[in-house]
Amino acid sequence: MHMSNRNHLIIVSALIVVFTFVVRYVFTLIYQLPPQYSAEAEQIDILFDAHFWVIAFLFALVMVFMLYAVVVFQRKDGDDSDGEHFHGNTTLEIVWTVFPLVAVVVFGVWAHQILNNISEAAPNELTLNVTGYQWYWEFQFGGDSYTTNEGMTVEFTPEMVSTNEVYVPVGHTLNLQLHSKGLSPDDSGVNHAFWVPEFRVKRDLIVGHTYDLKVTPTEIGHYRLRCAELCGAGHAIMLAEFHVVSEEDWEIWLAEVAEGGLPGEKLYTQYGCVGCHSLDGTPMVGPTWQGLYGSERVFADGSTVVADDEYLYTSIVNANSQIVEGYSPNIMPQNFAEQMSEEEIQQIIEFIASLSESE
Amino acid sequence: MRHIPHLGITRGLIGQIVATIGGIVFVSIIRMLFGYPSFSENIEPAVAFGAVAGVIGFLLAAGVLTDWIAWTRGEDPHIHHGARDGRPEWTRYFSVDVNHKIIGIQYGVTAILVFVIGGILALIFRFELVYPGMQFLTMEQYNTVFSAHGIIMIASILLGVGALINYLVPLQIGAADMAFPRLNAFSFWVAVPSALLIVAGIFVQGWDSGWTAYPPLSVKGPVGTQLFLLGFWINGFSSIAGAINMIVTVAIMRAPGMSLFRMPIFVWAALATAIIQFTATQTVGVALTMVTAERLFGMGFFNPLSGNPALGIPGGDPILFQHIFWFYSHPAVYVFVLPGLGIISELLPVFSRKPLFGYRWIALSSLAIAIVGYFVWAHHMFTALSPNVRLVFMYSTLFVAVPTGVKFFSWIGTLWQGKLEFPTPMLFVLGAISVFLIGGLSGPILGTIPTDLHLHDSYWVVGHFHATMFGGYVFPYFAAIYYWYPKITGRMYNEALGKLHFWLMVPGFWLMSLGQMRAGLVGMRRRIADYDPALGVTVTQTIVTVAALIIAWSMLIMFYNLIVSAWKGEVASTNPWRSRSPEWQTPTPIPEFNYDQPIQVVGNPYDYGLESDPGYIHVMPASGD
């Protein structure tokens with residue numbers, strides 16, 4: 001049963017080859033990237049694939065050698081002698097220093113090249129300003145107008161601001177301008193990050209900076225923008241619907257946005273209420289506004305009050321004075337009395353009331 | 001029971017509570033006199049001052065500073081060895097003691113207690129993540145729990161690293177103790193009140209900025225943030241003082257004949273670790289100080305609104321924090337793993353009955369990792385840096401793979417043609433290699449920027465980080481506990497329970513790690529209290545939670561084994577593993593000063609199987625009699 005070192009190595013090499021393919025196959029079962037829906041993703045995924053092959057090979061290399069040694073080089077019962085006496089092998093050490101060195105340089109240069117490709121300026125980029133607040137997203141297309149590839153000109157007006165939802169035309173390179181803002185002039189805001197997994201690329205929104213990111217969506221579909229940098233209590237639900245549509249559908253949507261809704265609804269996004277209060281009952285950091293007006297509110301001490309105009313007014317200007325059970329104080333800004341005019345507060349209350357009437 | 005009031009830990013805790021209350025009252029009165037907002041309106045200044053006062057109160061009352069204070073009075077206090085005032089031996093473990101082995105055990109047990117706290121926090125949020133939607137935590141509570149899990153585990157790892165280094169290095173280099181025994185005691189004891197501050201932060205409004213404490217979020221966070229910042233900051237003294245002690249000890253206290261390349265390999269790892277701790281910890285201290293100053297005094301280092309455009313004064317910049325923070329915090333991850341990798345290299349030859357393959361390459365690879373580790377910090381900011389700057393850091397980051405690869409290949413070389421045996425410590429070493437391999441191989445894909453743009457701040461990073469920490473620290477730490485257990489307690493642990501622990505924990509961890517990476521790849525972000533069911537990660541999240549439970553159960557088995565075996569285990573021989581290392585040649589229990597007679601190094605540490613072997617050390621004949 002005593003085999004030469006050469007024979008051991010032949011068996012191990014064969015096992016490594018087999019095991020490499022097995023591991024790579026297992027990866028296809030357990031490691032899936034999201035669908036590839038941007039031009040950038042197409043390039044990045046080639047690098048992902050190469051990485052997975054290298055991981056599979058190196059995993060097989062070390063594990064096969066280790067498990068082979070565990071099985072074959074076991075000490076027999078009662079054998080107290082020592083193993084083969086050798087201290088090392090300088091040639092081998094140099095080989096397994098130089099090969100990884102070459103490999104990482106190759107990967108570095110390759111990654112560098114891909115990064116250059118996906119950062120290159122494209123002709124006719126469409127600028128989209130993306131602003132992160134605690135905890136919602138705001139979108140506005142940059143410039144006064146944009147001429148599509150088919151020669152159609154779209155005019156942008158200042159009213160065309162949308163919250164937690166945006167439509168973009170398919171096949172156009174978006175030049176995203178990423179900003180982060182606070183809810184009031186003395187609030188710096190916090191950092192966020194832009195990530196639509198189907199597009200692969202990610203960029204932080206850093207307070208005080210404007211960063212750019214290029215994305216070219218290639219498939220019509222409905223995706224979700226997810227904040228990827230911890231930004232406080234509402235981080236998990238800082239999501240926005242990112243719709244990639246045809247140019248016609250994009251124009252229709254822009255026209256809808258320009259029309260707007262109730263004055264209170266505009267204020268709902270303007271003052272950032274949207275960051276914590278949903279309109280459709282979705283649980284968020286603050287209570288939903290759906291069915292809020294006229295409902296019975298329960299406080300932590302068990303006392304209750306019916307949500308009327310006066311209750312809502314106090315909740316807006318002095319939120320900490322009446323925290324509903326299950327919610328935390330000190331999250332809602334305490335200075336809305338200074339920020340909003342009386343008229344604006346009344347418009348918001350009307351808007352909240354309208355959400356109960358419609359049911 | 002009658003000894004409890006005299007124990008250092010009891011007195012320290014009372015001192016901390018009294019001084020904290022005193023500090024809070026003092027600042028509250030001052031603020032009242034000068035007309036600042038009252039305590040109930042703004043508790044932070046008083047709490048911050050009380051926290052710092054509490055730590056000093058702990059150190060004074062526990063007796064950590066007693067000898068130094070006597071020095072300042074011109075007295076010459078003799079260093080005290082052994083239990084004080086005729087109390088039993090066990091009281092030494094709960095009081096200030098200068099013996100490195102006592103301090104090592106203090107570090108080690110505290111590390112495990114803190115690890116249990118961190119683990120319970122992990123289980124809390126793992127249960128929350130079993131299903132989408134918020135189950136029993138609010139989103140703020142979730143953020144507090146995961147933030148606390150992160151920093152408490154880091155504190156635990158630093159304590160565990162301190163345990164390994166303190167206990168082993170003097171023994172392995174043939175020294176009687178560390179170079180500065182009082183400083184050694186200080187290094188341990190300062191970590192206790194600082195860890196308490198962090199734990200207290202959970203209950204004082206919590207904090208939601210993660211352990212990384214990025215401003216502006218950490219500046220806006222509740223009061224718990226401040227306690228966490230101060231606890232973290234004060235914990236740094238433990239690292240810096242311990243590292244100085246370690247470097248000096250290795251430099252001047254090695255046994256005669258122990259040249260650098262004849263040191264046990266763990267000492268190399270400990271030295272590389274200490275160099276990082278000694279030179280990098282200060283920078284995170286600066287980062288934390290600046291956030292504290294911004295919170296308490298409104299100094300806008302990181303706030304763009306702090307400037308005055310009219311006067312041309314620029315505001316602060318939050319990116320600055322990220323740089324200063326990662327100057328330390330990236331090298332720090334090598335502080336966490338290098339000692340563990342040293343344990344792997346230390347134990348493999350013993351259980352393979354073979355020399356360590358490529359000793360010098362392994363020794364120098366630790367230093368290489370430490371050095372390269374200084375130049376990679378900005379890869380934590382690949383999504384936040386200007387495109388050209390980040391390229392430099394992509395290349396430097398990828399280079400870390402080279403010395404790490406040297407270690408893996410050398411471990412294989414050590415196993416090859418050996419006569420392997422598989423008691424529990426060896427199993428944990430092999431488990432560590434497999435888990436660190438997962439951690440290592442999931443790294444370069446984060447190092448190349450295009451793939452990182454997808455994986456950055458995703459669960460892939462969570463999986464990668466936990467695999468490096470478990471493979472580089474947790475598994476080797478458990479291997480070390482089982483391996484040195486007979487030397488520390490004089491008894492053997494229960495082998496069957498040790499193996500059961502291993503066979504639960506390895507598959508448990510593999511499952512957890514691969515599940516986390518899988519979730520990240522499909523688009524799950526890290527640090528989220530709730531996830532989108534549309535992502536399709538619900539089953540994966542449930543599996544990861546089950547895996548975490550398996551790991552927790554396996555650890556309960558270990559605790560049972562370690563506690564019961566200390567009383568009922570088989571009596572161990574002096575050198576049950578037939579190791580050549582010096583600590584196994586001295587009697588069990590180890591004498592107060594380690595070796596009754598000085599030792600001399602006459603051979604190489606890992607010459608298993610060498611014919612006409614001179615041995616590694618000779619115990620010098622007793623002189624004078």
# chains A, B, ... in the order shown; residues from 1 in each chain; ligands from 1

call {"tool": "select_by_dssp", "arguments": {"residues": "range 116-321 of chain A", "states": "helix (DSSP H, G or I)", "output": "short mmCIF file (atom, residue, chain, number, x, y, z; two decimals) with N, CA and C atoms, in the first residue's frame"}}
result
data_model
loop_
_atom_site.label_atom_id
_atom_site.label_comp_id
_atom_site.auth_asym_id
_atom_site.auth_seq_id
_atom_site.Cartn_x
_atom_site.Cartn_y
_atom_site.Cartn_z
N ASN A 116 -13.12 50.78 -17.24
CA ASN A 116 -13.02 51.87 -18.22
C ASN A 116 -14.19 51.81 -19.20
N ASN A 117 -14.50 50.60 -19.68
CA ASN A 117 -15.57 50.45 -20.66
C ASN A 117 -16.90 50.94 -20.10
N ILE A 118 -17.21 50.55 -18.87
CA ILE A 118 -18.54 50.90 -18.36
C ILE A 118 -18.61 52.34 -17.85
N SER A 119 -17.45 53.02 -17.75
CA SER A 119 -17.51 54.43 -17.32
C SER A 119 -17.43 55.38 -18.50
N PRO A 197 -30.13 45.74 -8.43
CA PRO A 197 -29.31 44.54 -8.65
C PRO A 197 -29.28 44.06 -10.10
N GLU A 198 -30.38 44.25 -10.84
CA GLU A 198 -30.40 43.80 -12.24
C GLU A 198 -29.43 44.60 -13.11
N PHE A 199 -29.05 45.79 -12.64
CA PHE A 199 -28.11 46.62 -13.40
C PHE A 199 -26.67 46.42 -12.93
N HIS A 235 -33.84 52.30 6.64
CA HIS A 235 -32.93 51.85 5.59
C HIS A 235 -33.50 50.68 4.79
N ALA A 236 -34.07 49.70 5.51
CA ALA A 236 -34.54 48.48 4.84
C ALA A 236 -35.64 48.78 3.83
N ILE A 237 -36.45 49.80 4.12
CA ILE A 237 -37.60 50.05 3.24
C ILE A 237 -37.37 51.28 2.38
N GLU A 247 -40.07 54.55 -25.20
CA GLU A 247 -40.04 56.01 -25.20
C GLU A 247 -41.44 56.61 -25.10
N GLU A 248 -42.43 55.96 -25.76
CA GLU A 248 -43.80 56.48 -25.73
C GLU A 248 -44.36 56.44 -24.30
N ASP A 249 -44.19 55.29 -23.65
CA ASP A 249 -44.69 55.16 -22.28
C ASP A 249 -44.00 56.13 -21.34
N TRP A 250 -42.74 56.39 -21.62
CA TRP A 250 -41.99 57.33 -20.79
C TRP A 250 -42.61 58.71 -20.88
N GLU A 251 -42.94 59.12 -22.12
CA GLU A 251 -43.53 60.44 -22.32
C GLU A 251 -44.90 60.56 -21.66
N ILE A 252 -45.69 59.50 -21.76
CA ILE A 252 -47.02 59.51 -21.13
C ILE A 252 -46.86 59.71 -19.62
N TRP A 253 -45.90 58.99 -19.05
CA TRP A 253 -45.69 59.10 -17.60
C TRP A 253 -45.25 60.51 -17.21
N LEU A 254 -44.33 61.08 -18.01
CA LEU A 254 -43.85 62.43 -17.70
C LEU A 254 -45.01 63.42 -17.68
N ALA A 255 -45.94 63.24 -18.62
CA ALA A 255 -47.09 64.16 -18.67
C ALA A 255 -47.93 64.01 -17.41
N GLU A 256 -48.10 62.77 -16.94
CA GLU A 256 -48.86 62.54 -15.71
C GLU A 256 -48.19 63.22 -14.51
N VAL A 257 -46.87 63.09 -14.45
CA VAL A 257 -46.14 63.68 -13.34
C VAL A 257 -46.31 65.19 -13.35
N ALA A 258 -46.29 65.79 -14.54
CA ALA A 258 -46.39 67.25 -14.64
C ALA A 258 -47.72 67.75 -14.12
N GLU A 259 -48.78 66.92 -14.26
CA GLU A 259 -50.10 67.33 -13.81
C GLU A 259 -50.19 67.45 -12.30
N PRO A 263 -52.88 69.70 -3.52
CA PRO A 263 -51.71 70.43 -3.00
C PRO A 263 -51.04 69.70 -1.85
N GLY A 264 -51.86 69.07 -0.97
CA GLY A 264 -51.30 68.34 0.16
C GLY A 264 -50.41 67.19 -0.28
N GLU A 265 -50.77 66.58 -1.42
CA GLU A 265 -50.00 65.44 -1.89
C GLU A 265 -48.59 65.88 -2.30
N LYS A 266 -48.50 67.09 -2.88
CA LYS A 266 -47.19 67.61 -3.25
C LYS A 266 -46.35 67.88 -2.00
N LEU A 267 -47.03 68.44 -0.98
CA LEU A 267 -46.30 68.74 0.26
C LEU A 267 -45.83 67.46 0.93
N TYR A 268 -46.62 66.39 0.74
CA TYR A 268 -46.30 65.08 1.32
C TYR A 268 -44.89 64.64 0.90
N THR A 269 -44.55 64.92 -0.36
CA THR A 269 -43.19 64.57 -0.79
C THR A 269 -42.22 65.72 -0.54
N GLN A 270 -42.70 66.94 -0.70
CA GLN A 270 -41.80 68.09 -0.55
C GLN A 270 -41.17 68.14 0.85
N CYS A 273 -42.55 63.69 4.18
CA CYS A 273 -43.46 62.81 4.93
C CYS A 273 -43.40 61.41 4.35
N VAL A 274 -43.18 61.37 3.02
CA VAL A 274 -43.16 60.12 2.28
C VAL A 274 -42.10 59.16 2.80
N GLY A 275 -41.07 59.70 3.47
CA GLY A 275 -40.00 58.84 3.95
C GLY A 275 -40.45 57.85 5.03
N ASP A 309 -58.72 66.98 13.29
CA ASP A 309 -57.84 68.04 12.79
C ASP A 309 -56.84 68.48 13.85
N GLU A 310 -57.34 68.64 15.07
CA GLU A 310 -56.49 69.16 16.13
C GLU A 310 -55.36 68.17 16.45
N TYR A 311 -55.75 66.87 16.51
CA TYR A 311 -54.75 65.83 16.77
C TYR A 311 -53.67 65.86 15.70
N LEU A 312 -54.08 65.93 14.43
CA LEU A 312 -53.11 65.90 13.34
C LEU A 312 -52.22 67.13 13.37
N TYR A 313 -52.83 68.28 13.69
CA TYR A 313 -52.05 69.51 13.76
C TYR A 313 -50.92 69.36 14.79
N THR A 314 -51.27 68.87 15.98
CA THR A 314 -50.26 68.68 17.03
C THR A 314 -49.21 67.67 16.59
N SER A 315 -49.66 66.60 15.92
CA SER A 315 -48.71 65.58 15.47
C SER A 315 -47.68 66.15 14.50
N ILE A 316 -48.10 67.12 13.71
CA ILE A 316 -47.17 67.68 12.72
C ILE A 316 -46.19 68.64 13.38
N VAL A 317 -46.70 69.51 14.24
CA VAL A 317 -45.81 70.55 14.79
C VAL A 317 -45.07 70.09 16.04
N ALA A 319 -44.45 66.37 17.24
CA ALA A 319 -44.71 64.94 17.13
C ALA A 319 -44.42 64.21 18.44
N ASN A 320 -43.39 64.62 19.16
CA ASN A 320 -43.00 63.89 20.36
C ASN A 320 -44.06 63.92 21.45
N SER A 321 -44.99 64.89 21.37
CA SER A 321 -45.97 65.03 22.45
C SER A 321 -47.03 63.94 22.41
#

call {"tool": "residues_around", "arguments": {"residues": "Trp135 in chain A", "least_positions_apart": "5", "cutoff": "12 Å", "atoms": "only C-alpha atoms", "output": "ChimeraX atom specification"}}
result
/A:163-164,180-183,189-193,226-227,229-240,269,271-278,284-286,331-332

call {"tool": "residues_around", "arguments": {"residues": "Phe351 in chain B", "least_positions_apart": "4", "cutoff": "7 Å", "atoms": "only C-alpha atoms", "output": "list in words"}}
result
Leu347, Leu420, Glu421 and Met426 of chain B

call {"tool": "write_last_selection", "arguments": {"atoms": "C-alpha atoms", "output": "mmCIF file, in the first residue's frame"}}
result
data_model
loop_
_atom_site.group_PDB
_atom_site.id
_atom_site.type_symbol
_atom_site.label_atom_id
_atom_site.label_comp_id
_atom_site.auth_asym_id
_atom_site.auth_seq_id
_atom_site.Cartn_x
_atom_site.Cartn_y
_atom_site.Cartn_z
ATOM 1 C CA LEU B 347 -0.747 22.757 15.610
ATOM 2 C CA LEU B 420 -1.947 12.435 10.772
ATOM 3 C CA GLU B 421 -4.037 11.980 13.869
ATOM 4 C CA MET B 426 -6.663 18.895 14.826
#

call {"tool": "atom_distance", "arguments": {"atom1": "CA of Gly490 in chain B", "atom2": "CA of Phe94 in chain B"}}
result
20.3 Å

call {"tool": "atom_distance", "arguments": {"atom1": "CA of Pro181 in chain B", "atom2": "CA of Thr489 in chain B"}}
result
22.5 Å

call {"tool": "residues_around", "arguments": {"residues": "Phe399 in chain B", "least_positions_apart": "6", "cutoff": "8 Å", "atoms": "only C-alpha atoms", "output": "VMD selection string"}}
result
(chain A and resid 101 104) or (chain B and resid 372)

call {"tool": "closest_atom_pairs", "arguments": {"of": "chain B", "to": "chain A", "cutoff": "7 Å", "atoms": "only C-alpha atoms", "output": "CSV"}}
result
residue,atom,partner,partner_atom,distance
B:Met139,CA,A:Ala233,CA,5.4
B:Glu140,CA,A:Ala233,CA,5.0
B:Asn143,CA,A:Ala233,CA,6.9
B:Asp208,CA,A:Gly232,CA,5.9
B:Ser209,CA,A:Gly232,CA,6.8
B:Pro216,CA,A:Val190,CA,5.3
B:Leu217,CA,A:Val190,CA,5.7
B:Asn303,CA,A:Ser188,CA,6.7
B:Pro304,CA,A:Gly208,CA,5.5
B:Leu305,CA,A:Ser188,CA,6.2
B:Asp317,CA,A:Gly208,CA,6.9
B:Pro318,CA,A:Val207,CA,6.8
B:Ser352,CA,A:Gly83,CA,6.9
B:Arg353,CA,A:Asp82,CA,4.8
B:Lys354,CA,A:Gly83,CA,5.2
B:Pro355,CA,A:His87,CA,5.7
B:Leu356,CA,A:His87,CA,6.4
B:Phe357,CA,A:Gly88,CA,4.7
B:Gly358,CA,A:Gly88,CA,4.5
B:Thr383,CA,A:Arg203,CA,4.7
B:Ala384,CA,A:Asp204,CA,5.2
B:Tyr395,CA,A:Gly108,CA,6.0
B:Leu398,CA,A:Val104,CA,5.8
B:Phe399,CA,A:Val104,CA,6.8
B:Val402,CA,A:Pro100,CA,5.7
B:Val406,CA,A:Thr97,CA,6.4
B:Ile412,CA,A:Met66,CA,6.2
B:Leu415,CA,A:Ala69,CA,6.3
B:Trp416,CA,A:Ala69,CA,5.9
B:Gln417,CA,A:Glu84,CA,5.9
B:Gly418,CA,A:Gly83,CA,4.3
B:Lys419,CA,A:Arg75,CA,4.4
B:Leu420,CA,A:Gln74,CA,4.6
B:Glu421,CA,A:Arg75,CA,5.8
B:Leu441,CA,A:Ile55,CA,5.8
B:Ile445,CA,A:His51,CA,6.3
B:Thr448,CA,A:Ala111,CA,5.8
B:Ile449,CA,A:Ala111,CA,6.6
B:Pro450,CA,A:Ile44,CA,5.8
B:Thr451,CA,A:Ile44,CA,6.1
B:Leu453,CA,A:Val201,CA,4.9
B:His454,CA,A:Arg200,CA,4.6
B:Asp457,CA,A:Ala228,CA,6.0
B:Arg518,CA,A:Tyr31,CA,5.3
B:Leu521,CA,A:Leu33,CA,5.5
B:Val522,CA,A:Pro34,CA,5.1
B:Gly523,CA,A:Pro197,CA,5.3
B:Arg525,CA,A:Ala228,CA,5.8
B:Arg527,CA,A:Leu230,CA,6.6
B:Ile528,CA,A:Ala236,CA,4.5
B:Ala529,CA,A:Ala236,CA,5.6
B:Asp530,CA,A:Ala236,CA,5.6
B:Tyr531,CA,A:Ala236,CA,6.8
B:Tyr608,CA,A:Asp82,CA,6.1
B:Gly609,CA,A:Asp82,CA,4.8
B:Leu610,CA,A:His85,CA,6.2

call {"tool": "select_by_dssp", "arguments": {"residues": "range 78-303 of chain A", "states": "strand (DSSP E or B)", "output": "NGL selection string"}}
result
:A and (126-133 or 136-141 or 145-147 or 153-155 or 162-163 or 165-169 or 174-180 or 192-195 or 202-205 or 211-215 or 217 or 221-227 or 239-245 or 296-299)

call {"tool": "residues_around", "arguments": {"residues": "Ile117 in chain B", "least_positions_apart": "3", "cutoff": "9 Å", "atoms": "only C-alpha atoms", "output": "ChimeraX atom specification"}}
result
/B:112-114,120-122,149,152-153,199

call {"tool": "residues_around", "arguments": {"residues": "Val223 in chain B", "least_positions_apart": "2", "cutoff": "8 Å", "atoms": "only C-alpha atoms", "output": "number ranges by chain"}}
result
B: 43-44, 201, 204-207, 221, 225-227

call {"tool": "residues_around", "arguments": {"residues": "Lys568 in chain B", "least_positions_apart": "6", "cutoff": "9 Å", "atoms": "only C-alpha atoms", "output": "PyMOL selection string"}}
result
chain B and resi 491-493

call {"tool": "write_last_selection", "arguments": {"atoms": "C-alpha atoms", "output": "PDB file, in the first residue's frame"}}
result
ATOM      1  CA  ARG B 491      -7.164  17.361  32.829  1.00  0.00           C
ATOM      2  CA  MET B 492      -8.334  16.150  29.420  1.00  0.00           C
ATOM      3  CA  TYR B 493     -11.535  17.412  27.872  1.00  0.00           C
TER       4      TYR B 493
END

call {"tool": "decode", "arguments": {"residues": "range 108-127 of chain A", "atoms": "N, CA and C atoms", "output": "mmCIF file, in the first residue's frame"}}
result
data_model
loop_
_atom_site.group_PDB
_atom_site.id
_atom_site.type_symbol
_atom_site.label_atom_id
_atom_site.label_comp_id
_atom_site.auth_asym_id
_atom_site.auth_seq_id
_atom_site.Cartn_x
_atom_site.Cartn_y
_atom_site.Cartn_z
ATOM 1 N N GLY A 108 -6.508 42.100 -12.249
ATOM 2 C CA GLY A 108 -6.528 43.539 -12.018
ATOM 3 C C GLY A 108 -6.628 44.313 -13.326
ATOM 4 N N VAL A 109 -5.777 43.950 -14.278
ATOM 5 C CA VAL A 109 -5.772 44.668 -15.561
ATOM 6 C C VAL A 109 -7.108 44.482 -16.277
ATOM 7 N N TRP A 110 -7.609 43.255 -16.217
ATOM 8 C CA TRP A 110 -8.878 42.950 -16.875
ATOM 9 C C TRP A 110 -10.019 43.762 -16.241
ATOM 10 N N ALA A 111 -10.061 43.762 -14.928
ATOM 11 C CA ALA A 111 -11.102 44.514 -14.215
ATOM 12 C C ALA A 111 -11.001 46.004 -14.535
ATOM 13 N N HIS A 112 -9.763 46.482 -14.587
ATOM 14 C CA HIS A 112 -9.473 47.871 -14.925
ATOM 15 C C HIS A 112 -10.091 48.216 -16.293
ATOM 16 N N GLN A 113 -9.874 47.306 -17.253
ATOM 17 C CA GLN A 113 -10.382 47.507 -18.607
ATOM 18 C C GLN A 113 -11.911 47.567 -18.619
ATOM 19 N N ILE A 114 -12.537 46.629 -17.910
ATOM 20 C CA ILE A 114 -14.005 46.604 -17.864
ATOM 21 C C ILE A 114 -14.537 47.879 -17.216
ATOM 22 N N LEU A 115 -13.834 48.318 -16.183
ATOM 23 C CA LEU A 115 -14.257 49.532 -15.489
ATOM 24 C C LEU A 115 -14.200 50.734 -16.429
ATOM 25 N N ASN A 116 -13.125 50.785 -17.238
ATOM 26 C CA ASN A 116 -13.025 51.866 -18.222
ATOM 27 C C ASN A 116 -14.188 51.808 -19.201
ATOM 28 N N ASN A 117 -14.496 50.596 -19.680
ATOM 29 C CA ASN A 117 -15.574 50.451 -20.662
ATOM 30 C C ASN A 117 -16.904 50.942 -20.105
ATOM 31 N N ILE A 118 -17.211 50.552 -18.865
ATOM 32 C CA ILE A 118 -18.540 50.901 -18.363
ATOM 33 C C ILE A 118 -18.610 52.337 -17.852
ATOM 34 N N SER A 119 -17.451 53.018 -17.748
ATOM 35 C CA SER A 119 -17.509 54.426 -17.319
ATOM 36 C C SER A 119 -17.430 55.382 -18.505
ATOM 37 N N GLU A 120 -17.206 54.850 -19.695
ATOM 38 C CA GLU A 120 -17.041 55.713 -20.860
ATOM 39 C C GLU A 120 -18.299 56.529 -21.142
ATOM 40 N N ALA A 121 -18.087 57.762 -21.578
ATOM 41 C CA ALA A 121 -19.234 58.600 -21.918
ATOM 42 C C ALA A 121 -19.903 58.038 -23.166
ATOM 43 N N ALA A 122 -21.237 57.977 -23.154
ATOM 44 C CA ALA A 122 -21.980 57.500 -24.318
ATOM 45 C C ALA A 122 -22.551 58.706 -25.049
ATOM 46 N N PRO A 123 -22.790 58.581 -26.354
ATOM 47 C CA PRO A 123 -23.447 59.694 -27.045
ATOM 48 C C PRO A 123 -24.881 59.831 -26.543
ATOM 49 N N ASN A 124 -25.351 61.050 -26.446
ATOM 50 C CA ASN A 124 -26.743 61.319 -26.111
ATOM 51 C C ASN A 124 -27.174 60.712 -24.771
ATOM 52 N N GLU A 125 -26.430 61.043 -23.738
ATOM 53 C CA GLU A 125 -26.803 60.540 -22.413
ATOM 54 C C GLU A 125 -28.014 61.300 -21.872
ATOM 55 N N LEU A 126 -28.825 60.605 -21.124
ATOM 56 C CA LEU A 126 -29.987 61.228 -20.484
ATOM 57 C C LEU A 126 -29.653 61.437 -19.006
ATOM 58 N N THR A 127 -29.632 62.690 -18.574
ATOM 59 C CA THR A 127 -29.254 62.976 -17.196
ATOM 60 C C THR A 127 -30.458 62.810 -16.269
#
